[in-house]
Structures are given as structure tokens and as C-alpha cells.
$ cat query_15.txt   # compact mmCIF, C-alpha atoms
# COMPACT_ATOMS: atom_id res chain seq x y z
CA MET T 1 -23.10 9.52 39.40
CA ARG T 2 -21.01 12.59 38.68
CA ARG T 3 -17.88 10.46 38.61
CA ALA T 4 -19.41 8.28 35.91
CA MET T 5 -20.56 11.24 33.86
CA ALA T 6 -17.12 12.76 33.39
CA PRO T 7 -15.56 9.89 31.38
CA LEU T 8 -18.81 9.49 29.42
CA SER T 9 -18.89 13.12 28.36
CA LEU T 10 -15.20 12.86 27.50
CA ALA T 11 -15.88 9.86 25.28
CA GLY T 12 -18.73 11.76 23.64
CA ALA T 13 -16.44 14.70 22.96
CA GLY T 14 -13.84 12.37 21.41
CA VAL T 15 -16.40 10.71 19.14
CA LEU T 16 -17.77 14.11 18.10
CA LEU T 17 -14.31 15.39 17.26
CA CYS T 18 -13.57 12.29 15.14
CA LEU T 19 -16.92 12.58 13.33
CA LEU T 20 -16.32 16.24 12.60
CA VAL T 21 -12.85 15.60 11.18
CA ALA T 22 -14.16 12.61 9.18
CA LEU T 23 -16.91 14.80 7.69
CA LEU T 24 -14.43 17.56 6.85
CA LEU T 25 -11.94 15.18 5.23
CA ALA T 26 -14.51 12.94 3.48
CA PRO T 27 -14.23 14.54 0.00
CA ARG T 28 -10.44 14.48 0.16
CA ILE T 29 -10.35 10.86 1.30
CA ALA T 30 -12.76 9.85 -1.49
CA ALA T 31 -10.56 11.60 -4.09
CA GLN T 32 -7.42 9.95 -2.70
CA ARG T 33 -9.10 6.53 -2.74
CA GLN T 34 -10.15 7.05 -6.37
CA ALA T 35 -6.63 8.14 -7.35
CA ALA T 36 -5.11 5.12 -5.60
CA ALA T 37 -7.49 2.76 -7.40
CA GLU T 38 -6.61 4.38 -10.74
CA ARG T 39 -2.89 4.10 -10.05
CA ALA T 40 -3.28 0.43 -9.14
CA LEU T 41 -5.22 -0.20 -12.38
CA PHE T 42 -2.90 1.68 -14.71
CA ASP T 43 0.52 1.07 -13.17
CA LEU T 44 1.34 -1.40 -15.95
CA LEU T 45 1.54 1.50 -18.44
CA PRO T 46 5.03 2.90 -18.99
CA ALA T 47 4.98 6.50 -17.77
CA GLU T 48 6.28 7.90 -21.07
CA LEU T 49 3.22 6.62 -22.94
CA HIS T 50 0.61 8.81 -21.28
CA ASP T 51 0.27 12.25 -19.79
CA ASP T 52 -3.38 12.16 -18.81
CA ARG T 53 -5.89 9.87 -17.13
CA PRO T 54 -6.71 6.77 -19.20
CA LEU T 55 -9.99 6.54 -17.27
CA ASP T 56 -11.18 9.58 -19.24
CA HIS T 57 -10.86 7.73 -22.56
CA PRO T 58 -12.79 4.46 -22.35
CA VAL T 59 -13.30 2.30 -25.42
CA ALA T 60 -16.37 0.08 -25.40
CA LEU T 61 -15.48 -3.53 -26.21
CA PRO T 62 -17.80 -6.42 -27.10
CA ALA T 63 -18.12 -9.44 -24.81
CA GLY T 64 -16.75 -12.77 -26.03
CA GLY T 65 -14.89 -12.86 -29.34
CA LEU T 66 -11.09 -12.89 -29.39
CA LEU T 67 -10.80 -11.25 -25.95
CA GLY T 68 -13.04 -13.91 -24.41
CA ASN T 69 -14.46 -11.66 -21.69
CA ALA T 70 -17.66 -12.88 -20.07
CA ASP T 71 -19.17 -9.39 -20.08
CA ALA T 72 -18.51 -6.25 -22.08
CA ALA T 73 -15.75 -4.65 -19.96
CA PRO T 74 -14.35 -1.43 -21.44
CA GLY T 75 -10.77 -0.89 -22.53
CA TYR T 76 -8.93 2.41 -22.19
CA GLN T 77 -6.72 4.61 -24.34
CA ALA T 78 -3.45 5.99 -22.98
CA ARG T 79 -2.88 9.33 -24.66
CA ARG T 80 0.11 11.58 -24.88
CA ALA T 81 -0.23 15.07 -26.35
CA GLY T 82 -3.80 14.19 -27.33
CA MET T 83 -2.78 11.18 -29.43
CA ALA T 84 -3.48 7.58 -28.45
CA GLN T 85 -0.14 5.91 -27.73
CA ALA T 86 -1.38 2.63 -26.31
CA VAL T 87 -4.59 0.81 -25.51
CA LEU T 88 -5.40 -1.17 -22.39
CA LEU T 89 -7.51 -4.26 -23.00
CA PRO T 90 -9.05 -6.78 -20.61
CA VAL T 91 -8.53 -10.43 -21.69
CA SER T 92 -9.86 -13.60 -20.14
CA ALA T 93 -8.48 -17.12 -20.27
CA ASP T 94 -9.44 -20.50 -18.85
CA GLY T 95 -6.80 -21.39 -16.28
CA TYR T 96 -6.23 -24.69 -14.50
CA GLU T 97 -8.45 -23.83 -11.56
CA GLY T 98 -10.79 -21.21 -13.01
CA PRO T 99 -10.88 -18.07 -15.10
CA ILE T 100 -7.79 -15.88 -15.39
CA ARG T 101 -8.46 -12.21 -16.11
CA LEU T 102 -5.56 -10.22 -17.49
CA TRP T 103 -5.12 -6.56 -18.21
CA VAL T 104 -2.74 -5.83 -21.09
CA ALA T 105 -1.25 -2.68 -22.57
CA ILE T 106 -0.45 -2.68 -26.30
CA ASP T 107 1.34 0.23 -27.94
CA ARG T 108 0.70 1.77 -31.38
CA ASP T 109 3.07 -0.67 -33.07
CA GLY T 110 1.21 -3.68 -31.72
CA ARG T 111 3.83 -4.55 -29.11
CA LEU T 112 2.84 -5.82 -25.69
CA VAL T 113 4.14 -3.20 -23.22
CA GLY T 114 2.46 -4.33 -20.01
CA VAL T 115 0.68 -7.30 -18.45
CA LYS T 116 -1.13 -7.42 -15.15
CA VAL T 117 -3.22 -10.13 -13.52
CA LEU T 118 -6.63 -8.94 -12.33
CA GLU T 119 -8.01 -12.29 -11.21
CA GLN T 120 -6.66 -15.82 -10.98
CA HIS T 121 -7.24 -18.98 -8.97
CA GLU T 122 -4.18 -21.03 -9.98
CA THR T 123 -2.56 -23.59 -7.69
CA PRO T 124 -0.58 -21.83 -4.95
CA GLY T 125 3.10 -22.65 -5.27
CA LEU T 126 2.80 -23.91 -8.85
CA GLY T 127 0.84 -21.77 -11.27
CA ASP T 128 0.12 -18.98 -8.83
CA LEU T 129 0.64 -15.99 -11.13
CA ALA T 130 1.20 -13.60 -8.22
CA ARG T 131 4.51 -15.44 -7.66
CA HIS T 132 5.54 -15.36 -11.31
CA VAL T 133 5.63 -11.62 -11.97
CA GLY T 134 9.09 -12.00 -13.52
CA TRP T 135 7.77 -14.56 -16.00
CA LEU T 136 4.90 -12.26 -16.93
CA HIS T 137 7.33 -9.37 -17.46
CA GLY T 138 9.42 -11.61 -19.71
CA LEU T 139 6.46 -11.82 -22.08
CA GLN T 140 6.45 -8.10 -22.69
CA ASN T 141 7.71 -6.40 -25.84
CA ARG T 142 6.82 -9.44 -27.90
CA ARG T 143 4.89 -9.85 -31.12
CA PRO T 144 2.24 -12.57 -31.41
CA ASP T 145 4.50 -14.98 -33.35
CA SER T 146 7.23 -15.02 -30.69
CA LEU T 147 4.82 -15.48 -27.79
CA GLY T 148 4.20 -19.15 -28.60
CA ALA T 149 7.92 -19.88 -28.17
CA ALA T 150 8.09 -18.22 -24.73
CA ASP T 151 9.30 -20.24 -21.73
CA GLN T 152 6.65 -21.86 -19.57
CA ILE T 153 6.29 -21.90 -15.80
CA ALA T 154 7.68 -25.25 -14.60
CA GLY T 155 4.88 -27.48 -13.37
CA ALA T 156 2.15 -25.21 -14.64
CA THR T 157 1.85 -25.95 -18.35
CA VAL T 158 -1.90 -25.31 -18.50
CA THR T 159 -1.57 -21.94 -16.78
CA SER T 160 1.37 -20.88 -18.96
CA ARG T 161 -0.42 -21.87 -22.16
CA ALA T 162 -3.63 -20.15 -21.06
CA VAL T 163 -1.77 -16.90 -20.39
CA THR T 164 0.36 -16.89 -23.56
CA ASP T 165 -2.71 -17.84 -25.60
CA ALA T 166 -4.71 -14.98 -24.05
CA LEU T 167 -1.91 -12.53 -24.81
CA GLN T 168 -1.75 -13.77 -28.41
CA ARG T 169 -5.50 -13.30 -28.73
CA ALA T 170 -5.25 -9.76 -27.36
CA LEU T 171 -2.49 -8.89 -29.83
CA ARG T 172 -4.47 -10.40 -32.71
CA PHE T 173 -7.53 -8.43 -31.58
CA PHE T 174 -5.45 -5.25 -31.61
CA ASP T 175 -4.04 -6.00 -35.07
CA ALA T 176 -7.54 -6.64 -36.41
CA HIS T 177 -9.05 -3.48 -34.95
CA ARG T 178 -6.00 -1.20 -34.69
CA ASP T 179 -7.50 1.85 -36.40
CA ALA T 180 -10.78 1.71 -34.53
CA LEU T 181 -9.08 1.21 -31.16
CA LEU T 182 -6.62 4.07 -31.68
CA ALA T 183 -9.47 6.33 -32.87
CA GLY T 184 -11.50 5.44 -29.79
CA ASP T 185 -14.33 3.75 -31.72
CA THR T 186 -15.98 0.53 -30.68
CA PRO T 187 -14.48 -2.26 -32.79
CA MET V 1 12.58 0.69 32.91
CA ASN V 2 9.80 2.80 31.44
CA ARG V 3 11.49 3.09 28.10
CA ALA V 4 11.62 -0.71 27.98
CA ARG V 5 7.92 -0.90 28.89
CA LEU V 6 6.99 1.52 26.10
CA LEU V 7 9.10 -0.42 23.59
CA LEU V 8 7.64 -3.75 24.66
CA LEU V 9 4.04 -2.56 24.39
CA ALA V 10 4.67 -0.79 21.08
CA LEU V 11 6.48 -3.84 19.65
CA PRO V 12 3.53 -5.22 17.56
CA ALA V 13 2.99 -1.86 15.88
CA LEU V 14 6.72 -1.31 15.47
CA LEU V 15 7.35 -4.70 13.82
CA GLY V 16 4.16 -4.76 11.76
CA GLY V 17 4.24 -1.19 10.50
CA THR V 18 7.86 -0.84 9.42
CA CYS V 19 8.21 -3.16 6.41
CA ARG V 20 9.18 -0.21 4.22
CA GLY V 21 10.82 3.11 4.93
CA LEU V 22 7.74 5.16 4.08
CA ASP V 23 5.52 3.03 6.31
CA GLY V 24 7.99 3.50 9.13
CA LEU V 25 7.99 7.25 8.57
CA ALA V 26 4.19 7.37 8.71
CA LEU V 27 4.14 5.14 11.80
CA GLY V 28 6.71 7.40 13.46
CA LEU V 29 4.59 10.48 12.76
CA ALA V 30 1.44 8.73 13.96
CA GLY V 31 3.34 7.61 17.07
CA LEU V 32 4.38 11.19 17.70
CA LEU V 33 0.71 12.24 17.60
CA VAL V 34 -0.79 9.30 19.54
CA LEU V 35 1.95 8.61 22.10
CA GLY V 36 2.90 12.27 22.51
CA GLY V 37 -0.72 13.45 22.73
CA SER V 38 -1.60 10.77 25.28
CA HIS V 39 1.49 11.66 27.26
CA LEU V 40 0.42 15.30 27.39
CA ALA V 41 -3.15 14.26 28.28
CA GLY V 42 -1.81 12.07 31.09
CA ARG V 43 0.32 14.91 32.39
CA TYR V 44 -2.68 17.26 32.30
CA VAL V 45 -4.97 15.02 34.36
CA ARG V 46 -2.34 13.93 36.88
CA GLY V 47 -3.52 15.27 40.20
CA ARG V 48 -6.62 16.85 38.69
CA LEU V 49 -8.79 13.73 38.37
CA PRO V 50 -8.70 11.52 41.45
CA GLY V 51 -9.39 7.77 41.38
CA SER V 52 -10.26 6.06 38.12
CA GLY V 53 -10.86 9.25 36.14
CA GLY V 54 -7.27 9.49 34.95
CA PRO V 55 -6.97 6.23 32.98
CA ALA V 56 -10.40 6.75 31.38
CA TRP V 57 -9.42 10.23 30.22
CA VAL V 58 -6.12 9.00 28.79
CA LEU V 59 -7.87 6.07 27.07
CA VAL V 60 -10.36 8.41 25.39
CA ALA V 61 -7.55 10.76 24.37
CA ALA V 62 -5.47 7.89 22.91
CA LEU V 63 -8.41 6.40 20.98
CA THR V 64 -9.40 9.80 19.61
CA LEU V 65 -5.83 10.56 18.55
CA ALA V 66 -5.41 7.16 16.88
CA SER V 67 -8.64 7.71 14.92
CA LEU V 68 -7.50 11.20 13.93
CA ALA V 69 -4.10 9.87 12.83
CA ASP V 70 -5.84 7.28 10.65
CA LEU V 71 -8.17 9.89 9.10
CA LEU V 72 -5.29 12.30 8.39
CA LEU V 73 -3.22 9.52 6.85
CA GLN V 74 -6.15 8.53 4.62
CA ALA V 75 -6.65 12.12 3.53
CA PHE V 76 -3.02 12.99 2.82
CA ALA V 77 -1.20 9.70 2.22
CA TYR V 78 -3.86 7.17 1.24
CA PRO V 79 -1.49 4.43 -0.04
CA LEU V 80 0.23 4.38 3.36
CA ALA V 81 -3.03 4.34 5.31
CA ALA V 82 -4.09 1.03 3.76
CA GLY V 83 -0.88 -0.70 4.86
CA LEU V 84 -0.85 0.78 8.36
CA GLN V 85 -4.52 0.17 9.14
CA PRO V 86 -4.21 -2.43 11.93
CA TRP V 87 -0.96 -1.12 13.35
CA LEU V 88 -2.18 2.39 14.13
CA ALA V 89 -4.82 1.01 16.52
CA LEU V 90 -2.09 -1.01 18.24
CA LEU V 91 -0.45 2.25 19.30
CA VAL V 92 -3.29 2.77 21.79
CA PRO V 93 -2.22 0.21 24.46
CA PRO V 94 1.33 1.61 24.81
CA ALA V 95 -0.10 5.14 24.73
CA VAL V 96 -2.45 4.40 27.63
CA ALA V 97 -0.07 2.28 29.67
CA CYS V 98 2.81 4.69 29.36
CA SER V 99 0.99 7.95 30.01
CA LEU V 100 0.27 7.15 33.63
CA PRO V 101 2.81 6.42 36.34
CA GLN V 102 2.64 2.83 37.50
CA ASP V 103 4.15 1.04 40.50
CA HIS V 104 5.63 4.29 41.75
CA ALA V 105 7.74 4.61 38.61
CA PRO V 106 7.37 7.79 36.53
CA ALA V 107 5.70 7.58 33.13
CA PRO V 108 7.98 7.65 30.08
CA GLY V 109 8.88 11.17 29.10
CA ILE V 110 8.45 13.03 25.83
CA GLY V 111 12.03 12.04 24.98
CA ASP V 112 10.99 8.37 24.81
CA VAL V 113 8.13 9.29 22.48
CA LEU V 114 10.61 11.14 20.24
CA GLY V 115 12.81 8.06 20.39
CA PHE V 116 9.94 5.96 19.05
CA ALA V 117 9.26 8.51 16.30
CA LEU V 118 12.91 8.22 15.19
CA LEU V 119 13.21 4.45 15.67
CA ALA V 120 10.22 3.60 13.44
CA PRO V 121 11.53 5.31 10.25
CA LEU V 122 15.08 4.07 10.93
CA LEU V 123 13.89 0.48 11.30
CA GLY V 124 11.66 0.85 8.22
CA LEU V 125 14.52 2.18 6.06
CA LEU V 126 16.89 -0.55 7.27
CA ARG V 127 14.36 -3.33 6.71
CA GLU V 128 13.51 -2.06 3.25
CA ALA V 129 17.16 -1.65 2.23
CA LEU V 130 18.16 -5.10 3.51
CA GLY V 131 14.92 -6.87 2.63
CA GLN V 132 14.13 -5.54 -0.84
CA GLY V 133 17.28 -3.67 -1.84
CA THR V 134 15.36 -0.43 -2.36
CA LEU V 135 14.96 2.88 -0.57
CA LEU V 136 11.64 4.70 -0.26
CA ALA V 137 9.76 2.40 -2.65
CA GLY V 138 6.06 3.09 -3.00
CA ALA V 139 6.46 6.86 -3.13
CA GLY V 140 4.88 7.11 -6.60
CA TRP V 141 1.77 8.83 -5.23
CA LEU V 142 4.05 11.50 -3.73
CA THR V 143 6.56 12.12 -6.53
CA GLY V 144 4.56 11.01 -9.57
CA HIS V 145 7.55 9.02 -10.87
CA GLY V 146 6.46 5.47 -10.23
CA ASP V 147 6.77 3.25 -7.22
CA ALA V 148 10.19 1.70 -7.75
CA GLY V 149 12.14 4.01 -5.42
CA LEU V 150 15.96 4.07 -5.32
CA SER V 151 17.41 0.66 -5.97
CA LEU V 152 20.53 -0.32 -4.04
CA PRO V 153 23.22 -2.62 -5.42
CA ILE V 154 22.35 -5.40 -2.96
CA ALA V 155 20.15 -8.43 -3.40
CA GLY V 156 17.33 -8.32 -0.89
CA LEU V 157 17.23 -10.74 2.03
CA PRO V 158 13.50 -11.42 2.40
CA LEU V 159 13.84 -12.22 6.11
CA ALA V 160 14.41 -8.55 6.88
CA SER V 161 11.00 -7.66 5.44
CA LEU V 162 9.23 -10.16 7.68
CA ALA V 163 8.38 -9.59 11.32
CA PRO V 164 11.07 -11.96 12.74
CA GLY V 165 13.72 -10.14 10.72
CA GLY V 166 12.39 -6.87 12.11
CA LEU V 167 12.78 -8.22 15.65
CA ILE V 168 16.37 -9.29 14.93
CA LEU V 169 17.23 -5.90 13.43
CA LEU V 170 15.60 -4.11 16.35
CA GLY V 171 17.72 -6.18 18.74
CA LEU V 172 20.87 -5.32 16.79
CA LEU V 173 19.93 -1.61 16.82
CA LEU V 174 19.41 -1.68 20.59
CA ALA V 175 22.69 -3.55 21.07
CA ALA V 176 24.51 -1.01 18.93
CA LYS V 177 23.00 1.82 20.97
CA THR V 178 24.08 0.19 24.25
CA LEU V 179 27.60 -0.34 22.94
CA TRP V 180 27.85 3.18 21.58
CA LYS V 181 26.71 4.82 24.82
CA PRO V 182 29.73 5.93 26.86

$ encode --input "query_15.txt" --output "C-alpha cells"
Amino acid sequence: MRRAMAPLSLAGAGVLLCLLVALLLAPRIAAQRQAAAERALFDLLPAELHDDRPLDHPVALPAGGLLGNADAAPGYQARRAGMAQAVLLPVSADGYEGPIRLWVAIDRDGRLVGVKVLEQHETPGLGDLARHVGWLHGLQNRRPDSLGAADQIAGATVTSRAVTDALQRALRFFDAHRDALLAGDTP
Amino acid sequence: MNRARLLLLALPALLGGTCRGLDGLALGLAGLLVLGGSHLAGRYVRGRLPGSGGPAWVLVAALTLASLADLLLQAFAYPLAAGLQPWLALLVPPAVACSLPQDHAPAPGIGDVLGFALLAPLLGLLREALGQGTLLAGAGWLTGHGDAGLSLPIAGLPLASLAPGGLILLGLLLAAKTLWKP
């Protein structure tokens, strides 16, 4: 009996130690997790465009309309020295296999400075946007009129059109509501 | 032969957790804590606990240390913790097996643990440089300058980033070490 008790009490001590450390580190781990999620969400923004946390400056956006979002997801302002330098907008499109949700950054001049895919179900190997990051980057720094002439992903015409169309809609939305978006008002 | 046993048992963690230099560095530090701590625990109980008490004590010590390493990594280097999640737990089997003498052979020494702690970052840096053509990518959370890292003037060979490429590189490293030894 005594021989069985020793390993058991050891295991108990180990579990207790881990629980204690987990409790002590819990706030730090939560903060780190939050920061990592923010970085993952905002890494499409060029660093020179913001010097604070975009999460602190949400802009309420309507559902539907030009952005085509199913529900009213907020956009965010990227500010530098207190002035809005760019806005981040969620856009939705109908892909070949299901909805595509994109996250775009548009600067003050109405140029597309970043694109990121939040959700997609396109055919693996063909329209799979996770494998076409280079193509997505090639769409940056464009104005709406030149987006229609952009190259398409070979074998994935529907996906390519859906994405370029969504980006055009986002840019048109920005042009239509530029002042409100940069002021932080709901368009 | 004990160094070979440690390497063999730590192979899954070593190949899985060294895709990038930073991951390798974190795995090396975690290995120092888990393997080194278990080694010390094994040395402490040797002769003190007769019968089956020794392995149980070392197992508890290794599991506790692996959990602590994971918690510390989450608290101080969260982006690395997510990528190393399964591989840290895989440090426990080599830690247990190598902290107790088996078949009348002595357990691996602290020098072998240090060897692992150096090998993991070295393999990670090599695999990242050859596989992606970058050095220390993913350090944005540390430096605040983005995740691109230093880019080298070589096109990446994706094989080096994958586990088979890691095995090949590890073999080449071991061969180089054997050749270099007088």
C-alpha cells in the first residue's frame, strides 16, 4: 500500500504544480492569445499605415449592399498620428463552392493595399485561394477600373471573377462613403 | 549507444518541431527543460527508490515539465506555442526512457541533453534557410517589424521544410559530425 501511495502523491504534486502555474500565467496567456489573434487579423495592413490598434476604432457597417456581407460585420480604421490612413472592410462573394469572405485594406486615396482570405471553400488544387496568395497580392495597389483586366487563376474562372468582383465592390463602396468611413461614421 | 537511443526516441519531436529556426530554438529550450529536468530527476531517485518507484517518479517529473514548458511557451511566446503543441508532449517518451539506466548501460548524460538543445535550433535554421530561403521568419511578435524575417538570396527547396527533408538533413549533419571527429 505504501509503495502505491508514493507515485500517487507524486502525481498529485505534479498536477498541483501545473495548476498553480496555469493559474498564475492565465492572464498573460489570455493577453498573448488576444494579441496573436489581432496580429493574424491585421497583418495585411502595411506597417507604415498605422501606429495603434485598429481594433480600437471599429466602424459599423450595414449588412448586404455593395459589400454583400450576410450580417453586419464591423470594419476598422487604421490610424497613424490620430488620423485615419486606411480602412479595413469585410467583403463577401459567391465562389464556385460556397461563400468567399475577404478582408481588404483600402488607403485614403482609394487604393487597395491589402487582401486576405477569411473563408473559402474553393476546389483544392484549382481555385483554392490559400494556394494563390501571389495572385491575390498581384491585385493590390489597383484602382477599380484596372481590376477587371487582372489575370485570372487558370482553371478557376468563377473563383477569379468572384474575387475581383468583390474587390471592385469594396473599392466602389469606399469611393461612395469615403468621408464617412475616414471620419469613423456608419455609412 | 545511449546517445543514439535518445536521438531515435526524440526523432518525432525533432523532425516535427523544427520547420523554422524559431520553432527549433523553442524546441531546444523546451528539450533542455524536459530532458534535462527528467535526467536530474532520474539521477536523484537512482538508488533511493527501489523497484518500480523510479520510472513512475521520472514519468511524473517528465509530464510535469512538459506541461510547464507548454504553459511558459504560451505565456511568453504564444505564436510558437501553437506550432509546437503536439511536439512538446512527444519529448516525454525520450525523457523517461533516457533518464533511467537500461540493460546495464548508463543513462545518457547531461551532455547529450545539451546536444539535443543545440541540434534542434541548428536543424530548424538549416531547414528554414534551405526550405523557404529565409532566416528567423515569424519573429514579428518579438521584434514588432513583421513576420518576413531575413530573406536569403536562394530559392527555397520545399522538401527541406517537410519531415522527410528534415530526416535527410539530420542524416547529413550526423555524417558531417562523424567525418569531422578526429

$ closest_residue --input "query_15.txt" --among "V:Leu71, V:Ile110, V:Leu91, V:Leu162" --to "chain T" --atoms "only C-alpha atoms"
V:Leu71

$ closest_residue --input "query_15.txt" --among "T:Leu61, T:Gly114, T:Asp107, T:Trp135" --to "Ile153 in chain T" --atoms "only C-alpha atoms"
T:Trp135

$ residues_around --input "query_15.txt" --residues "range 181-184 of chain T" --least-positions-apart "3" --cutoff "7 Å" --atoms "only C-alpha atoms" --output "ChimeraX atom specification"
/T:59,84,177-178,187

$ atom_distance --input "query_15.txt" --atom1 "CA of Gly98 in chain T" --atom2 "CA of Val163 in chain T"
12.4 Å

$ closest_atom_pairs --input "query_15.txt" --of "chain T" --to "chain V" --cutoff "8 Å" --atoms "only C-alpha atoms" --output "tab-separated table"
residue	atom	partner	partner_atom	distance
T:Arg3	CA	V:Gly53	CA	7.5
T:Ala6	CA	V:Gly53	CA	7.7
T:Pro7	CA	V:Ala56	CA	6.0
T:Leu10	CA	V:Val60	CA	6.9
T:Ala11	CA	V:Val60	CA	5.7
T:Gly14	CA	V:Thr64	CA	5.4
T:Val15	CA	V:Thr64	CA	7.1
T:Leu17	CA	V:Thr64	CA	7.8
T:Cys18	CA	V:Leu68	CA	6.3
T:Val21	CA	V:Leu68	CA	7.5
T:Ala22	CA	V:Leu71	CA	6.6
T:Leu25	CA	V:Ala75	CA	6.3
T:Ala26	CA	V:Ala75	CA	7.9
T:Arg28	CA	V:Ala75	CA	5.6
T:Ile29	CA	V:Ala75	CA	4.5
T:Gln32	CA	V:Tyr78	CA	6.0
T:Arg33	CA	V:Tyr78	CA	6.6
T:Ala36	CA	V:Pro79	CA	6.7
T:Asp43	CA	V:Gly146	CA	8.0
T:Ala47	CA	V:Gly146	CA	7.8

$ closest_residue --input "query_15.txt" --among "T:Pro90, T:Ser146, T:Pro27, T:Arg39" --to "Ala139 in chain V" --atoms "all atoms listed in the file"
T:Arg39

$ closest_residue --input "query_15.txt" --among "V:Gly42, V:Pro158, V:Pro153, V:Gly31" --to "Ala89 in chain V" --atoms "all atoms listed in the file"
V:Gly31

$ residues_around --input "query_15.txt" --residues "range 1-16 of chain V" --least-positions-apart "2" --cutoff "7 Å" --atoms "all atoms listed in the file" --output "PDB file with C-alpha atoms, keeping the file's coordinate frame"
ATOM      1  CA  THR V  18       7.860  -0.840   9.420  1.00  0.00           C
ATOM      2  CA  CYS V  19       8.210  -3.160   6.410  1.00  0.00           C
ATOM      3  CA  TRP V  87      -0.960  -1.120  13.350  1.00  0.00           C
ATOM      4  CA  LEU V  88      -2.180   2.390  14.130  1.00  0.00           C
ATOM      5  CA  LEU V  90      -2.090  -1.010  18.240  1.00  0.00           C
ATOM      6  CA  LEU V  91      -0.450   2.250  19.300  1.00  0.00           C
ATOM      7  CA  PRO V  93      -2.220   0.210  24.460  1.00  0.00           C
ATOM      8  CA  PRO V  94       1.330   1.610  24.810  1.00  0.00           C
ATOM      9  CA  CYS V  98       2.810   4.690  29.360  1.00  0.00           C
ATOM     10  CA  ALA V 107       5.700   7.580  33.130  1.00  0.00           C
ATOM     11  CA  PRO V 108       7.980   7.650  30.080  1.00  0.00           C
ATOM     12  CA  ASP V 112      10.990   8.370  24.810  1.00  0.00           C
ATOM     13  CA  ALA V 120      10.220   3.600  13.440  1.00  0.00           C
ATOM     14  CA  ALA V 163       8.380  -9.590  11.320  1.00  0.00           C
ATOM     15  CA  GLY V 166      12.390  -6.870  12.110  1.00  0.00           C
ATOM     16  CA  LEU V 167      12.780  -8.220  15.650  1.00  0.00           C
TER      17      LEU V 167
END

$ closest_residue --input "query_15.txt" --among "T:Asp128, T:Asp165, T:Asp56, T:Glu48" --to "Asp145 in chain T" --atoms "only C-alpha atoms"
T:Asp165

$ closest_residue --input "query_15.txt" --among "T:Asp109, T:Asp52, T:Asp94, T:Asp71" --to "Leu171 in chain T" --atoms "all atoms listed in the file"
T:Asp109

$ residues_around --input "query_15.txt" --residues "Gly110 in chain T" --least-positions-apart "2" --cutoff "12 Å" --atoms "all atoms listed in the file" --output "PyMOL selection string"
chain T and resi 85-88+104-108+112-114+140-145+167-168+170-179+181-182

$ decode --input "query_15.txt" --residues "range 91-97 of chain V" --atoms "all heavy atoms" --output "compact mmCIF listing (two decimals), in the first residue's frame"
# COMPACT_ATOMS: atom_id res chain seq x y z
N LEU V 91 8.22 14.89 -26.31
CA LEU V 91 9.52 14.88 -25.64
C LEU V 91 9.49 13.98 -24.40
O LEU V 91 10.54 13.64 -23.85
CB LEU V 91 9.92 16.30 -25.22
CG LEU V 91 10.41 17.22 -26.32
CD1 LEU V 91 10.65 18.61 -25.79
CD2 LEU V 91 11.69 16.68 -26.94
N VAL V 92 8.27 13.61 -23.96
CA VAL V 92 8.17 12.83 -22.73
C VAL V 92 8.75 11.41 -22.87
O VAL V 92 9.53 11.00 -22.01
CB VAL V 92 6.70 12.80 -22.23
CG1 VAL V 92 6.54 11.85 -21.07
CG2 VAL V 92 6.28 14.20 -21.80
N PRO V 93 8.40 10.67 -23.95
CA PRO V 93 8.98 9.31 -24.05
C PRO V 93 10.51 9.28 -24.00
O PRO V 93 11.08 8.51 -23.22
CB PRO V 93 8.43 8.78 -25.37
CG PRO V 93 7.20 9.56 -25.60
CD PRO V 93 7.43 10.92 -25.01
N PRO V 94 11.21 10.12 -24.82
CA PRO V 94 12.67 10.08 -24.70
C PRO V 94 13.15 10.51 -23.31
O PRO V 94 14.13 9.96 -22.79
CB PRO V 94 13.16 11.05 -25.78
CG PRO V 94 12.00 11.88 -26.14
CD PRO V 94 10.79 11.04 -25.90
N ALA V 95 12.42 11.45 -22.70
CA ALA V 95 12.83 11.92 -21.37
C ALA V 95 12.77 10.78 -20.36
O ALA V 95 13.67 10.60 -19.55
CB ALA V 95 11.94 13.08 -20.92
N VAL V 96 11.68 9.98 -20.43
CA VAL V 96 11.53 8.89 -19.47
C VAL V 96 12.53 7.77 -19.77
O VAL V 96 13.24 7.29 -18.88
CB VAL V 96 10.09 8.33 -19.51
CG1 VAL V 96 9.98 7.10 -18.63
CG2 VAL V 96 9.12 9.40 -19.04
N ALA V 97 12.59 7.40 -21.07
CA ALA V 97 13.41 6.24 -21.42
C ALA V 97 14.89 6.51 -21.17
O ALA V 97 15.65 5.58 -20.88
CB ALA V 97 13.18 5.86 -22.87
